[in-house]
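Engineer: Structure file structure-v9.csv, CSV, C-alpha atoms and all ligand atoms, is pasted below:
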```csv
chain,number,residue,atom,x,y,z
Q,1,MET,CA,-9.4,14.1,18.7
Q,2,LYS,CA,-6.7,15.5,16.5
Q,3,ILE,CA,-4.6,13.1,14.5
Q,4,GLY,CA,-1.1,13.8,13.1
Q,5,VAL,CA,-0.3,12.2,9.8
Q,6,ILE,CA,3.2,11.9,8.4
Q,7,GLY,CA,2.8,12.6,4.7
Q,8,GLY,CA,0.1,14.7,3.1
Q,9,GLY,CA,-0.7,13.0,-0.1
Q,10,GLN,CA,-3.9,11.4,-1.3
Q,11,LEU,CA,-3.9,8.7,1.4
Q,12,GLY,CA,-3.8,11.4,4.1
Q,13,ARG,CA,-6.5,13.3,2.2
Q,14,MET,CA,-8.8,10.2,2.1
Q,15,LEU,CA,-8.1,9.5,5.8
Q,16,ALA,CA,-9.3,13.0,6.7
Q,17,LEU,CA,-12.3,12.6,4.4
Q,18,ALA,CA,-13.2,9.5,6.5
Q,19,GLY,CA,-12.3,10.9,9.9
Q,20,THR,CA,-14.0,14.3,9.7
Q,21,PRO,CA,-17.5,12.8,10.2
Q,22,LEU,CA,-16.1,11.0,13.3
Q,23,GLY,CA,-15.2,14.4,14.8
Q,24,GLN,CA,-11.5,14.0,14.2
Q,25,GLN,CA,-9.2,16.8,13.1
Q,26,PHE,CA,-6.0,16.4,11.1
Q,27,ALA,CA,-2.5,17.9,10.8
Q,28,PHE,CA,-0.2,16.7,8.0
Q,29,LEU,CA,3.5,17.0,8.1
Q,30,ASP,CA,4.8,17.0,4.6
Q,31,PRO,CA,7.7,19.1,2.9
Q,32,ALA,CA,5.8,19.5,-0.4
Q,33,PRO,CA,4.2,23.0,-0.7
Q,34,ASP,CA,1.3,21.5,-2.7
Q,35,ALA,CA,0.6,18.4,-0.5
Q,36,CYS,CA,-2.9,17.6,-1.5
Q,37,ALA,CA,-4.1,16.7,2.0
Q,38,GLN,CA,-3.9,20.3,3.1
Q,39,ALA,CA,-7.4,20.9,1.7
Q,40,LEU,CA,-8.6,18.8,4.7
Q,41,GLY,CA,-6.5,19.9,7.6
Q,42,GLU,CA,-3.5,21.8,8.9
Q,43,HIS,CA,-0.3,21.5,6.8
Q,44,ILE,CA,3.0,21.6,8.7
Q,45,ARG,CA,5.4,22.1,5.9
Q,46,ALA,CA,8.7,20.6,7.1
Q,47,ASP,CA,11.1,17.8,6.4
Q,48,TYR,CA,10.4,14.4,8.0
Q,49,SER,CA,13.6,14.7,10.0
Q,50,ASP,CA,13.0,18.3,11.2
Q,51,GLN,CA,12.8,17.8,15.0
Q,52,ASP,CA,11.4,21.3,15.8
Q,53,HIS,CA,8.4,20.7,13.5
Q,54,LEU,CA,8.0,17.0,14.6
Q,55,ARG,CA,7.8,18.4,18.2
Q,56,GLN,CA,5.2,20.9,17.2
Q,57,LEU,CA,3.1,18.2,15.5
Q,58,ALA,CA,3.4,16.0,18.6
Q,59,GLU,CA,2.3,18.8,20.9
Q,60,GLU,CA,-0.8,19.6,18.8
Q,61,VAL,CA,-2.1,16.1,18.3
Q,62,ASP,CA,-3.4,13.1,20.3
Q,63,LEU,CA,-1.7,10.5,18.2
Q,64,VAL,CA,0.3,10.1,15.0
Q,65,THR,CA,0.0,7.8,12.0
Q,66,PHE,CA,1.6,7.5,8.6
Q,67,GLU,CA,0.6,7.4,5.0
Q,68,PHE,CA,3.8,5.9,3.7
Q,69,GLU,CA,6.4,3.5,5.1
Q,70,SER,CA,9.6,5.1,4.0
Q,71,VAL,CA,9.6,7.4,7.1
Q,72,PRO,CA,13.1,7.5,8.7
Q,73,ALA,CA,13.2,5.2,11.8
Q,74,GLU,CA,14.6,8.2,13.8
Q,75,THR,CA,11.4,10.2,13.0
Q,76,VAL,CA,9.3,7.4,14.5
Q,77,ALA,CA,11.5,7.0,17.5
Q,78,PHE,CA,11.5,10.8,18.1
Q,79,LEU,CA,7.8,11.2,17.9
Q,80,SER,CA,7.2,8.1,20.1
Q,81,GLN,CA,8.8,10.0,23.0
Q,82,PHE,CA,5.9,12.4,23.1
Q,83,VAL,CA,2.8,10.9,21.6
Q,84,PRO,CA,1.4,7.4,20.7
Q,85,VAL,CA,2.4,6.3,17.2
Q,86,TYR,CA,0.3,3.7,15.3
Q,87,PRO,CA,1.3,1.4,13.7
Q,88,ASN,CA,4.3,1.0,16.0
Q,89,ALA,CA,8.0,1.7,15.2
Q,90,GLU,CA,8.8,-2.0,14.8
Q,91,SER,CA,6.1,-2.5,12.2
Q,92,LEU,CA,7.6,0.4,10.2
Q,93,ARG,CA,11.1,-0.9,10.6
Q,94,ILE,CA,10.1,-4.2,9.1
Q,95,ALA,CA,7.8,-2.9,6.4
Q,96,ARG,CA,10.2,-0.3,5.0
Q,97,ASP,CA,13.0,-2.8,4.3
Q,98,ARG,CA,12.4,-5.8,1.9
Q,99,TRP,CA,15.1,-7.9,3.6
Q,100,PHE,CA,13.5,-7.6,7.1
Q,101,GLU,CA,10.1,-8.1,5.6
Q,102,LYS,CA,10.9,-11.3,3.7
Q,103,SER,CA,12.9,-12.6,6.6
Q,104,MET,CA,9.9,-12.2,8.8
Q,105,PHE,CA,7.7,-14.1,6.3
Q,106,GLN,CA,10.2,-16.9,6.4
Q,107,ASP,CA,10.4,-17.0,10.2
Q,108,LEU,CA,6.6,-17.2,10.4
Q,109,GLY,CA,6.4,-20.0,7.8
Q,110,ILE,CA,4.7,-17.9,5.2
Q,111,PRO,CA,5.7,-18.9,1.7
Q,112,THR,CA,7.6,-16.2,-0.2
Q,113,PRO,CA,9.9,-16.2,-3.2
Q,114,ASP,CA,13.5,-17.4,-2.7
Q,115,PHE,CA,15.6,-14.3,-1.7
Q,116,SER,CA,19.1,-13.1,-0.9
Q,117,ASP,CA,20.6,-10.0,0.6
Q,118,ILE,CA,22.8,-8.1,-1.9
Q,119,GLN,CA,25.5,-5.7,-0.7
Q,120,SER,CA,27.8,-5.8,-3.7
Q,121,GLN,CA,28.0,-7.0,-7.3
Q,122,ALA,CA,29.9,-10.1,-6.0
Q,123,ASP,CA,26.9,-10.9,-3.7
Q,124,LEU,CA,24.6,-10.5,-6.7
Q,125,ASP,CA,26.7,-12.9,-8.9
Q,126,THR,CA,26.6,-15.5,-6.1
Q,127,ALA,CA,22.9,-15.1,-5.5
Q,128,VAL,CA,22.1,-15.5,-9.2
Q,129,LYS,CA,24.0,-18.8,-9.2
Q,130,ARG,CA,21.8,-20.0,-6.3
Q,131,ILE,CA,18.4,-18.5,-7.3
Q,132,GLY,CA,18.8,-18.7,-11.1
Q,133,LEU,CA,17.3,-16.5,-13.8
Q,134,PRO,CA,14.9,-14.9,-14.3
Q,135,ALA,CA,15.0,-13.0,-11.0
Q,136,VAL,CA,14.0,-9.7,-9.7
Q,137,MET,CA,16.4,-7.3,-8.0
Q,138,LYS,CA,15.0,-4.7,-5.7
Q,139,THR,CA,16.4,-2.0,-3.5
Q,140,ARG,CA,15.8,-2.9,0.1
Q,141,THR,CA,14.3,0.4,0.9
Q,142,LEU,CA,12.4,3.3,-0.8
Q,143,GLY,CA,11.0,1.4,-3.7
Q,144,TYR,CA,7.4,2.0,-4.8
Q,145,ASP,CA,5.2,1.7,-7.9
Q,146,GLY,CA,7.8,-0.7,-9.4
Q,147,LYS,CA,10.6,1.9,-9.0
Q,148,GLY,CA,13.9,0.7,-7.6
Q,149,GLN,CA,13.7,-2.7,-9.2
Q,150,LYS,CA,15.0,-4.5,-12.3
Q,151,VAL,CA,14.1,-7.9,-13.8
Q,152,LEU,CA,17.2,-9.9,-14.6
Q,153,ARG,CA,16.4,-12.3,-17.5
Q,154,GLN,CA,19.8,-13.2,-18.9
Q,155,PRO,CA,23.4,-13.1,-17.7
Q,156,ASP,CA,24.0,-9.8,-19.6
Q,157,ASP,CA,21.4,-8.2,-17.3
Q,158,VAL,CA,23.3,-9.2,-14.2
Q,159,ALA,CA,26.6,-7.5,-15.1
Q,160,GLY,CA,26.6,-4.0,-13.6
Q,161,ALA,CA,23.1,-4.4,-12.1
Q,162,PHE,CA,24.2,-3.5,-8.6
Q,163,ALA,CA,25.6,-0.1,-9.8
Q,164,GLU,CA,22.5,0.4,-12.0
Q,165,LEU,CA,20.3,0.3,-8.9
Q,166,GLY,CA,22.5,2.9,-7.2
Q,167,SER,CA,25.0,0.6,-5.4
Q,168,VAL,CA,22.6,0.5,-2.4
Q,169,PRO,CA,21.6,-2.6,-0.3
Q,170,CYS,CA,19.2,-4.7,-2.4
Q,171,ILE,CA,17.6,-8.1,-2.4
Q,172,LEU,CA,17.4,-10.6,-5.2
Q,173,GLU,CA,14.2,-12.6,-5.5
Q,174,GLY,CA,13.3,-15.5,-7.7
Q,175,PHE,CA,10.9,-14.5,-10.4
Q,176,VAL,CA,7.4,-15.8,-9.6
Q,177,PRO,CA,5.4,-17.0,-12.7
Q,178,PHE,CA,2.2,-15.9,-11.0
Q,179,THR,CA,-1.2,-16.5,-12.5
Q,180,GLY,CA,-2.5,-13.4,-10.6
Q,181,GLU,CA,-1.8,-10.9,-7.9
Q,182,VAL,CA,-4.1,-10.4,-4.9
Q,183,SER,CA,-4.0,-8.3,-1.8
Q,184,LEU,CA,-5.7,-8.6,1.6
Q,185,ILE,CA,-6.5,-5.5,3.5
Q,186,ALA,CA,-6.8,-6.2,7.2
Q,187,VAL,CA,-7.4,-4.0,10.3
Q,188,ARG,CA,-6.3,-4.8,13.8
Q,189,ALA,CA,-7.6,-2.9,16.8
Q,190,ARG,CA,-5.7,-1.9,20.0
Q,191,ASP,CA,-7.2,-4.9,21.8
Q,192,GLY,CA,-6.1,-7.3,19.0
Q,193,GLU,CA,-9.5,-7.8,17.3
Q,194,THR,CA,-8.8,-8.3,13.6
Q,195,ARG,CA,-11.1,-7.9,10.6
Q,196,PHE,CA,-10.5,-8.6,6.9
Q,197,TYR,CA,-11.9,-7.3,3.6
Q,198,PRO,CA,-12.3,-9.8,0.8
Q,199,LEU,CA,-9.2,-10.5,-1.3
Q,200,VAL,CA,-8.7,-8.1,-4.2
Q,201,HIS,CA,-7.4,-9.0,-7.7
Q,202,ASN,CA,-4.8,-6.4,-8.8
Q,203,ASN,CA,-3.6,-5.7,-12.3
Q,204,HIS,CA,-0.4,-3.6,-12.7
Q,205,GLU,CA,1.0,-1.9,-15.7
Q,206,ASN,CA,4.7,-0.8,-15.7
Q,207,GLY,CA,4.7,-1.6,-11.9
Q,208,ILE,CA,1.8,0.7,-11.2
Q,209,LEU,CA,-1.6,-0.5,-10.0
Q,210,LYS,CA,-4.2,0.0,-12.7
Q,211,LEU,CA,-7.3,-2.0,-11.7
Q,212,SER,CA,-8.4,-3.7,-8.5
Q,213,ILE,CA,-11.5,-6.0,-8.4
Q,214,ALA,CA,-12.8,-7.2,-5.1
Q,215,SER,CA,-13.4,-10.9,-5.0
Q,216,THR,CA,-16.3,-12.5,-3.4
Q,217,ALA,CA,-15.7,-16.0,-1.9
Q,218,HIS,CA,-12.1,-16.3,-3.1
Q,219,PRO,CA,-10.9,-19.9,-2.5
Q,220,LEU,CA,-7.7,-18.6,-0.9
Q,221,GLN,CA,-9.4,-16.1,1.5
Q,222,ALA,CA,-8.9,-18.3,4.6
Q,223,GLN,CA,-5.3,-19.0,3.7
Q,224,ALA,CA,-4.5,-15.3,3.2
Q,225,GLU,CA,-6.2,-14.4,6.5
Q,226,SER,CA,-4.1,-17.0,8.4
Q,227,TYR,CA,-0.9,-15.6,7.0
Q,228,VAL,CA,-1.8,-12.0,7.6
Q,229,SER,CA,-3.0,-12.8,11.2
Q,230,LYS,CA,0.5,-14.2,11.9
Q,231,VAL,CA,2.1,-11.0,10.9
Q,232,LEU,CA,-0.3,-8.7,12.6
Q,233,ASP,CA,0.0,-10.6,15.9
Q,234,LYS,CA,3.7,-10.9,15.7
Q,235,LEU,CA,4.0,-7.1,15.3
Q,236,ASP,CA,1.3,-6.3,17.8
Q,237,TYR,CA,0.0,-4.2,14.9
Q,238,VAL,CA,-2.6,-1.4,15.2
Q,239,GLY,CA,-4.4,0.0,12.2
Q,240,VAL,CA,-4.9,-1.1,8.6
Q,241,MET,CA,-2.3,-3.3,6.8
Q,242,ALA,CA,-2.2,-4.3,3.2
Q,243,PHE,CA,-0.6,-7.6,2.3
Q,244,GLU,CA,0.3,-8.3,-1.4
Q,245,PHE,CA,0.5,-11.9,-2.6
Q,246,PHE,CA,1.3,-13.7,-5.8
Q,247,GLU,CA,-1.2,-16.5,-6.8
Q,248,VAL,CA,0.9,-19.4,-8.0
Q,249,ASP,CA,0.3,-23.2,-8.3
Q,250,GLY,CA,-3.1,-22.8,-6.6
Q,251,GLY,CA,-1.5,-21.2,-3.5
Q,252,LEU,CA,-0.2,-17.9,-2.3
Q,253,LYS,CA,3.4,-16.5,-2.0
Q,254,ALA,CA,3.9,-13.3,0.0
Q,255,ASN,CA,5.2,-10.4,-1.9
Q,256,GLU,CA,5.2,-7.4,0.5
Q,257,ILE,CA,3.2,-5.6,3.2
Q,258,ALA,CA,2.3,-2.0,3.5
Q,259,PRO,CA,1.8,-0.7,7.0
Q,260,ARG,CA,-1.0,1.7,6.0
Q,261,VAL,CA,-4.1,2.2,4.0
Q,262,HIS,CA,-3.4,1.0,0.4
Q,263,ASN,CA,-4.4,1.8,-3.1
Q,264,SER,CA,-5.9,-1.7,-3.6
Q,265,GLY,CA,-8.3,-0.9,-0.8
Q,266,HIS,CA,-9.7,2.4,-2.2
Q,267,TRP,CA,-12.8,0.6,-3.5
Q,268,THR,CA,-13.9,0.1,0.1
Q,269,ILE,CA,-15.0,3.7,0.3
Q,270,GLU,CA,-18.1,2.9,-1.7
Q,271,GLY,CA,-17.8,-0.9,-1.8
Q,272,SER,CA,-17.9,-1.7,1.9
Q,273,GLU,CA,-19.9,-1.0,5.0
Q,274,CYS,CA,-16.9,0.8,6.6
Q,275,SER,CA,-14.0,1.8,4.4
Q,276,GLN,CA,-10.3,1.0,5.0
Q,277,PHE,CA,-9.8,4.7,5.9
Q,278,GLU,CA,-12.5,4.8,8.5
Q,279,ASN,CA,-11.4,1.5,10.0
Q,280,HIS,CA,-7.7,2.6,10.2
Q,281,LEU,CA,-8.9,5.7,12.1
Q,282,ARG,CA,-11.2,3.6,14.3
Q,283,ALA,CA,-8.4,1.2,15.2
Q,284,ILE,CA,-5.8,3.8,16.0
Q,285,ALA,CA,-8.3,6.0,18.0
Q,286,GLY,CA,-9.3,3.0,20.1
Q,287,LEU,CA,-12.9,3.0,18.7
Q,288,PRO,CA,-14.8,-0.3,17.9
Q,289,LEU,CA,-13.9,-1.6,14.4
Q,290,GLY,CA,-16.5,-1.2,11.6
Q,291,SER,CA,-18.0,-3.9,9.4
Q,292,THR,CA,-15.9,-5.0,6.5
Q,293,ALA,CA,-18.9,-6.5,4.7
Q,294,THR,CA,-19.2,-5.6,1.0
Q,295,LEU,CA,-22.2,-3.8,-0.5
Q,296,GLY,CA,-21.9,-5.4,-4.0
Q,297,GLU,CA,-19.4,-6.3,-6.6
Q,298,ALA,CA,-16.8,-3.5,-6.6
Q,299,ALA,CA,-13.8,-2.4,-8.6
Q,300,MET,CA,-11.3,0.5,-8.6
Q,301,LEU,CA,-9.5,2.0,-11.6
Q,302,ASN,CA,-6.6,4.4,-11.1
Q,303,PHE,CA,-6.2,7.6,-13.0
Q,304,ILE,CA,-2.5,7.9,-13.8
Q,305,GLY,CA,-1.1,11.1,-15.2
Q,306,GLU,CA,-4.5,12.8,-15.6
Q,307,VAL,CA,-8.1,12.6,-14.5
Q,308,PRO,CA,-10.6,12.4,-17.3
Q,309,GLU,CA,-13.3,15.1,-17.4
Q,310,ALA,CA,-15.5,14.9,-14.4
Q,311,SER,CA,-18.7,15.1,-16.6
Q,312,LYS,CA,-17.6,12.0,-18.4
Q,313,VAL,CA,-16.6,9.9,-15.4
Q,314,THR,CA,-19.8,10.8,-13.5
Q,315,ALA,CA,-21.9,10.0,-16.6
Q,316,ILE,CA,-21.1,6.4,-16.0
Q,317,GLU,CA,-23.8,4.7,-13.9
Q,318,GLN,CA,-22.6,3.5,-10.4
Q,319,CYS,CA,-19.3,5.2,-10.9
Q,320,HIS,CA,-17.7,7.4,-8.2
Q,321,LEU,CA,-15.0,9.9,-9.0
Q,322,HIS,CA,-12.1,10.6,-6.6
Q,323,HIS,CA,-9.9,13.5,-7.8
Q,324,TYR,CA,-6.9,14.0,-5.5
Q,325,GLY,CA,-6.4,17.7,-6.5
Q,326,LYS,CA,-2.8,17.0,-7.5
Q,327,ALA,CA,-0.9,18.5,-10.5
Q,328,PHE,CA,-1.1,16.2,-13.5
Q,329,LYS,CA,2.2,14.5,-14.3
Q,330,ALA,CA,3.0,11.3,-16.3
Q,331,GLY,CA,3.2,8.2,-14.1
Q,332,ARG,CA,1.6,10.0,-11.1
Q,333,LYS,CA,-1.5,8.7,-9.4
Q,334,VAL,CA,-3.9,11.7,-9.5
Q,335,GLY,CA,-7.3,10.1,-8.9
Q,336,HIS,CA,-9.4,7.0,-9.1
Q,337,ALA,CA,-12.9,5.8,-9.9
Q,338,THR,CA,-14.8,3.2,-7.9
Q,339,LEU,CA,-17.6,1.1,-9.4
Q,340,ARG,CA,-20.1,-0.8,-7.3
Q,341,CYS,CA,-22.7,-3.0,-9.0
Q,342,ALA,CA,-25.1,-5.8,-8.2
Q,343,ASP,CA,-23.5,-8.4,-10.4
Q,344,MET,CA,-20.1,-9.2,-12.0
Q,345,THR,CA,-21.4,-8.9,-15.6
Q,346,THR,CA,-22.6,-5.3,-15.1
Q,347,LEU,CA,-19.3,-4.5,-13.2
Q,348,LYS,CA,-17.2,-5.7,-16.2
Q,349,GLY,CA,-19.2,-3.6,-18.6
Q,350,ARG,CA,-18.8,-0.5,-16.4
Q,351,ILE,CA,-15.0,-1.2,-16.1
Q,352,ALA,CA,-14.8,-1.1,-19.9
Q,353,GLU,CA,-16.6,2.2,-19.9
Q,354,VAL,CA,-14.1,3.8,-17.5
Q,355,GLU,CA,-11.2,2.2,-19.4
Q,356,ALA,CA,-12.5,3.8,-22.6
Q,357,LEU,CA,-12.2,7.2,-20.9
Q,358,ILE,CA,-8.6,6.5,-19.7
Q,359,LYS,CA,-7.6,5.5,-23.3
Q,360,GLY,CA,-9.1,8.8,-24.4
Q,401,LIG,N1,9.5,-11.9,-7.5
Q,401,LIG,C1,8.7,-11.4,-8.5
Q,401,LIG,N2,8.3,-12.2,-9.5
Q,401,LIG,C2,7.5,-11.7,-10.5
Q,401,LIG,N3,7.0,-10.4,-10.5
Q,401,LIG,C3,7.3,-9.6,-9.5
Q,401,LIG,C4,8.2,-10.0,-8.4
Q,401,LIG,N4,8.3,-9.0,-7.6
Q,401,LIG,C5,7.6,-8.0,-8.1
Q,401,LIG,N5,7.0,-8.3,-9.2
Q,401,LIG,C6,6.1,-7.5,-10.0
Q,401,LIG,O1,6.4,-6.1,-9.8
Q,401,LIG,C7,5.4,-5.4,-9.1
Q,401,LIG,C8,5.9,-4.4,-8.1
Q,401,LIG,O2,6.7,-5.1,-7.2
Q,401,LIG,P1,6.6,-4.9,-5.6
Q,401,LIG,O3,7.6,-5.7,-4.9
Q,401,LIG,O4,5.2,-5.1,-5.2
Q,401,LIG,O5,7.1,-3.4,-5.4
Q,401,LIG,P2,6.3,-2.0,-5.2
Q,401,LIG,O6,6.8,-1.6,-3.8
Q,401,LIG,O7,6.9,-1.1,-6.2
Q,401,LIG,O8,4.8,-2.2,-5.2
Q,401,LIG,C9,4.5,-6.5,-8.5
Q,401,LIG,O9,3.2,-6.1,-8.2
Q,401,LIG,C10,4.7,-7.6,-9.5
Q,401,LIG,O10,3.8,-7.3,-10.6
Q,402,MG,MG,3.7,-3.8,-4.5
```
Transcribe the structure of this file into structure tokens.
Ligand SMILES: Nc1ncnc2c1ncn2[C@@H]1O[C@H](COP(=O)(O)OP(=O)(O)O)[C@@H](O)[C@H]1O
Ligand SMILES: [Mg+2]
Structural biologist:
Amino acid sequence: MKIGVIGGGQLGRMLALAGTPLGQQFAFLDPAPDACAQALGEHIRADYSDQDHLRQLAEEVDLVTFEFESVPAETVAFLSQFVPVYPNAESLRIARDRWFEKSMFQDLGIPTPDFSDIQSQADLDTAVKRIGLPAVMKTRTLGYDGKGQKVLRQPDDVAGAFAELGSVPCILEGFVPFTGEVSLIAVRARDGETRFYPLVHNNHENGILKLSIASTAHPLQAQAESYVSKVLDKLDYVGVMAFEFFEVDGGLKANEIAPRVHNSGHWTIEGSECSQFENHLRAIAGLPLGSTATLGEAAMLNFIGEVPEASKVTAIEQCHLHHYGKAFKAGRKVGHATLRCADMTTLKGRIAEVEALIKG
């Protein structure tokens, strides 16, 4: 089976690393000449709206999937005429727009921060009166790694904020005084069977994920699973979905969903029986899902800007290096390390060893 992937970054690369042993082949459509997934498959170098090349991709592959959600809706609609696309167009339509996403949470009775649609500075002024400060303003589409958002703390921050974010449709959200951030990675098969990985604790720095620690027996696991199931079933979703939550007042508030494999699930490569990447491919290819059972205590640390020397990373016991083969650039995710240990004390010690390398 040949799978077309829209986007040829590290997520596409890790999908191909998981799918190759299953006998799958890959073609990546990505405009970047140095798209790092091309080491693992064919690279169709074209714009996401280039219909000739989308047609070429559709003719070559058995089905299409995505490694990012900001794909234009027309791209999905165009491809869907020729080839099955997973997850479906509706899932992408909702997940790429924060207003649709949060409205869906509300409709399904899933707690989420207070929010308002912002189409102008006047809308923002009205919304601030209702929601109060501090609040977080985010562009409805195209935001990632904390980009396209601004925390409004005092009235001065509100003046001119609509123009500062580019005068594009935004949402305003109440600021959540969370005690932690967790994500749930789920996979849903074509027949509706759904499996979940354990909740993951995530630590961000400047809006970018730094450290994820998989949690064993988290008290909110069942609650998270029930919220995520509602969304998956509503969208008739096929594939892996990541669902980010804030932990607040002993409960969960939904932040956002990603209709794809997710950075906070990278630890599953070594930490689980079957990784998020393999399970995404199994789901979209119509294969039975793999076990999401964990193989120990696991954590993932991102390498942002540069990857430490391989000899140093691999010198740490129970540490696995993933180098994405991308050019080093400040603020860019260029690799990660996974740790898998028998107990939490050892894991914490190993995390400190990797952190010491990152700090130099
Ligand atoms: N309403 C909020 N209240 C408090 N912190 C927030 C809120 N929204 C986002 N954040 C912080 O900013 C980070 C990035 O925001 P998020 O909406 O997840 O965007 P991205 O698409 O960039 O991941 C979150 O992980 C969280 O740390
Ligand atoms: Mg996020």
Engineer: Would you kindly return, as a list in words, each protein, DNA or RNA residue with an atom no farther than 12 Å from any atom of Q:Ala163, considering only C-alpha atoms and excluding same-chain residues fewer than 5 positions away?
Structural biologist: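 Near Q:Ala163, the qualifying residues are Ile118, Gln119, Ser120, Gln121, Ala122, Leu124, Met137, Thr139, Gly148, Lys150, Asp157, Val158, Val168, Pro169 and Cys170 of chain Q.
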Engineer: Check which residues fall inside 7 Å of ligand LIG 401 (chain Q) when counting all atoms listed in the file, and print them as a PyMOL selection string.
Structural biologist: chain Q and resi 113+135-136+143-147+173-178+181+204+207+244+255-256
Engineer: As an exercise, work out the distance from atom CA of Q:Phe245 to atom CA of Q:Gly12 in Å and give it to one decimal place.
Structural biologist: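 Spanning atom CA of Q:Phe245 to atom CA of Q:Gly12 is a straight-line distance of 24.6 Å.
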Engineer: Nearest to Q:Leu22 among Q:Ala352, Q:Val182, Q:Ala285, Q:Cys319, with distances taken over all atoms listed in the file: which residue is it?
Structural biologist: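 Nearest candidate to Q:Leu22 out of Q:Ala352, Q:Val182, Q:Ala285, Q:Cys319: Q:Ala285.
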Engineer: How far is it from atom CA of Q:Glu273 to atom CA of Q:Val354, in Å with one decimal?
Structural biologist: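 We find that atom CA of Q:Glu273 and atom CA of Q:Val354 lie 23.7 Å from each other.
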Engineer: What is the atom CA of Q:Gly9 to atom CA of Q:Ala95 distance in Å?
Structural biologist: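 Distance reported for this atom pair: 19.2 Å.
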Engineer: So, with only C-alpha atoms as the atoms that count, which of Q:Leu252, Q:Leu211, Q:Ile304, Q:Leu57 lies closest to Q:Val334?
Structural biologist: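 With only C-alpha atoms as the atom set, the closest residue is Q:Ile304.
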Engineer: Pick out the residues sitting within 12 Å of Q:Leu347, and hand them over as a ChimeraX atom specification; count only C-alpha atoms, and ignore anything fewer than 4 positions along from it in its own chain.
Structural biologist: /Q:212-215,296-301,316-319,338-343,351-354
Engineer: Taking into account all atoms listed in the file, which residue in the set Q:Val200, Q:Val71, Q:Val5, Q:Leu209 is nearest to ligand MG 402 (chain Q)?
Structural biologist: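 With all atoms listed in the file as the atom set, the closest residue is Q:Leu209.
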Engineer: Go through Q:Ile3, Q:Leu142, Q:Ala330, Q:Leu295 one by one, measure the shortest atom-to-atom distance of each to ligand MG 402 (chain Q) using all atoms listed in the file, and give the residue with the smallest value.
Structural biologist: Q:Leu142
Engineer: For ligand MG 402 (chain Q), which of Q:Ala18, Q:Ala189, Q:Ala254, Q:Ala27 is the closest residue, counting only C-alpha atoms and all ligand atoms?
Structural biologist: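 Distance minimum relative to ligand MG 402 (chain Q) lands on Q:Ala254.
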Engineer: Need to verify the contact set: Q:Tyr324, 8 Å, only C-alpha atoms, exclusion of same-chain residues closer than 2 positions in sequence. Can you return it as a list of chain:residue names?
Structural biologist: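 Counting only the stated atoms, we get Q:Gln10, Q:Arg13, Q:Cys36, Q:His322, Q:Lys326, Q:Val334, Q:Gly335.
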Engineer: Choose the residue, out of Q:Tyr227, Q:Val313, Q:Gly349, Q:Ile208, that has the smallest atom-to-atom separation from ligand MG 402 (chain Q); count all atoms listed in the file.
Structural biologist: Q:Ile208
Engineer: Fewer than 6 positions away in the same chain doesn't count, so skip those; otherwise give me all residues within 12 Å of Q:Leu232, counting all atoms listed in the file, as an NGL selection string.
Structural biologist: :Q and (87-88 or 90-91 or 94-95 or 104-105 or 108 or 185-190 or 192-196 or 225-226 or 238-243 or 257-259)
Engineer: Counting all atoms listed in the file, what is within 9 Å of Q:Pro198, bar same-chain residues fewer than 4 positions away, as a PyMOL selection string?
Structural biologist: chain Q and resi 183-185+214-218+221+292-294
Engineer: Keeping C-alpha atoms for every residue in the selection just given, could you write it to a file as a JSON list (two decimals), in the frame of the given file?
Structural biologist:
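Contents of result_11.json, freshly written:
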```json
[["chain", "number", "residue", "atom", "x", "y", "z"],
["Q", 183, "SER", "CA", -4.00, -8.30, -1.80],
["Q", 184, "LEU", "CA", -5.70, -8.60, 1.60],
["Q", 185, "ILE", "CA", -6.50, -5.50, 3.50],
["Q", 214, "ALA", "CA", -12.80, -7.20, -5.10],
["Q", 215, "SER", "CA", -13.40, -10.90, -5.00],
["Q", 216, "THR", "CA", -16.30, -12.50, -3.40],
["Q", 217, "ALA", "CA", -15.70, -16.00, -1.90],
["Q", 218, "HIS", "CA", -12.10, -16.30, -3.10],
["Q", 221, "GLN", "CA", -9.40, -16.10, 1.50],
["Q", 292, "THR", "CA", -15.90, -5.00, 6.50],
["Q", 293, "ALA", "CA", -18.90, -6.50, 4.70],
["Q", 294, "THR", "CA", -19.20, -5.60, 1.00]]
```
